[in-house]
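> Attaching a single structure in structure tokens format; questions to follow.
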Amino acid sequence: MNTAVSTAPAGNLAAPSFDVERARADFPILSRSVHGKPLAFLDSGASAQKPRQVIDAISRCYEAEYANIHRGVYELSARATEAYEGARVRVQQFVNARSASEIVFTKGATEAINLVAASWGGTFLGEGDEVVLSVLEHHANIVPWQLLRERTGIVLKVVPTDETGAFPLDACEALVGPRTKLVALTHVSNVLGTVVPVAEVVRIAHAHDALVLIDGAQGIVHQPVDVQALDVDFYCFSGHKLYGPSGIGVLYGREALLRAMPPWQGGGDMIERVTFERTTFAPPPARFEAGTPPIAAAAGLHAALDYVASLDAAAVAAHEHDLLAYASERLGALNSIRLYGTAPEKAAIVSFTMDDVHPHDIGTILDRAGVAVRVGHHCAQPLMDHFDIAGTVRASFGLYNTRADIDRLIDGLDEVREIFA
Ligand code: PLP
């Protein structure tokens with residue numbers, strides 16, 4: 001199922017059947033107020049709120065099952081190890097990887113991309129080899145490749161976009177050539193919501209024997225991901241954007257690739273045998289998990305994936321589609337607002353500016369009204385340069401948002417207009 005949504009007007013749409021109020025009841029923080037106003041949380045793209053099930057799983061880990069994992073001979077350590085490796089199997093099932101050894105736990109999407117750049121890139125790429133990125137990328141999928149460029153002399157090619165923020169597949173195809181070794185793209189733009197057609201990109205890249213890395217930090221939140229069906233070589237994401245805890249993320253990599261990659265950090269847990277003369281390394285995924293891993297966060301991630309999987313994915317997608325269409329319609333009706341990102345395939349993220357008002361002022365006034373949005377460059381400065389702006393206001397929706405949250409946003413913007421009139 002592809003939950004990518006369009007920006008069709010929502011005026012005649014009936015609200016979908018997803019029981020959002022029931023879901024909201026799972027998220028304790030949503031019932032708190034901010035500045036004396038009920039919270040309208042529209043910043044899930046930065047980090048999503050956590051359901052009770054995730055919070056409880058983390059507490060349970062610390063209350064009943066906590067110890068350091070691996071090598072412990074005592075009961076608690078064995079239980080903690082089982083839970084940690086169980087979380088890995090849960091991730092494997094969630095993204096439909098072939099094996100749990102294709103799942104590496106990292107700190108987040110950023111660390112996963114750095115891992116691939118340092119280990120795979122540092123080993124297999126050399127002077128003149130090309131990595132294709134796009135102007136839609138988050139800095140997390142730009143800077144690691146620039147660091148690698150400094151070390152190795154690789155060449156970065158950048159797929160452009162147009163005024164709608166769409167991903168031009170033909171331009172991507174034109175950039176992929178005999179020297180391309182990797183196409184590394186975001187699945188969904190964190191600023192515009194643009195959905196990149198991953199399967200088509202993979203077809204193009206593989207036809208040139210290039211690998212594909214997908215930064216799924218935003219993508220996996222809005223649509224189920226099947227790494228085998230997509231045929232990607234690497235896919236990564238962060239737990240905290242997927243209703244799970246911060247401090248844990250995932251790198252999926254094809255087993256043969258991971259096996260060929262050297263460690264990128266050294267320490268405990270990633271070795272087979274250490275002597276002062278020579279060290280041999282554990283097979284993947286342990287090879288890439290030096291040091292004590294995020295044990296409780298893994299339990300939280302497991303619970304988050306269970307939570308997401310317990311919902312009707314099609315109903316959640318329809319709900320998010322409705323939010324996007326409704327927000328696009330209401331914002332589009334405001335004269336002073338300019339919307340960025342109107343590509344036909346979009347996830348539930350809207351970015352905008354307001355004539356003559358700085359995004360930070362808008363964010364501050366909205367905050368006083370209890371509406372939490374993100375303002376600024378969203379770690380996507382090249383995309384800001386493309387639109388020739390310093391920043392935007394971004395509202396990004398989670399499964400717990402409602403049309404009422406969007407009404408609060410619009411009311412807040414009316415207030416901004418009054419103040420700046
Ligand atoms: N990639 C995209 C598209 C993102 O939106 C983000 C975070 O906003 C990241 C990567 C980095 O994620 P993290 O900071 O969790 O590593």
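Here, A, B, ... name the chains of the structure tokens in the order displayed, residue numbers run from 1 inside each chain, and ligands are numbered from 1 in the same displayed order.
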Excluding Leu169 (chain A) and any residue of its chain fewer than 2 positions from it, enumerate the residues within 12 Å of it, using only C-alpha atoms, and give them as a count of residues only.

25

> Go through the chains and note each residue within 8 Å of ligand 1, using only C-alpha atoms and all ligand atoms, then give the set as a ChimeraX atom specification.

/A:45-47,107-112,137-141,186-191,215-219,237-241,246,249,378-379

> Quick one: distance from CA of His302 (chain A) to CA of Pro285 (chain A) in Å, one decimal?

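For CA of His302 (chain A) relative to CA of Pro285 (chain A), the distance reads 17.3 Å.
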
> Could you give me, as an MDAnalysis selection string, the residues within 7 Å of Ala372 (chain A), counting only C-alpha atoms and dropping anything in the same chain fewer than 6 positions from it?

chainID A and resid 40:43 366

> Measuring atom to atom with only C-alpha atoms, identify which of A:Ala369, A:Ile410, A:Ala299, A:Leu383 is nearest to Val54 (chain A).

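Among A:Ala369, A:Ile410, A:Ala299, A:Leu383, it is A:Ala299 that comes nearest to Val54 (chain A).
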
> Going by DSSP on the backbone, which bits of region 210-339 of chain A are helix (DSSP H, G or I)? Write them as a ChimeraX atom specification, please.

/A:219-222,227-230,239-242,255-260,286-288,295-310,313-332
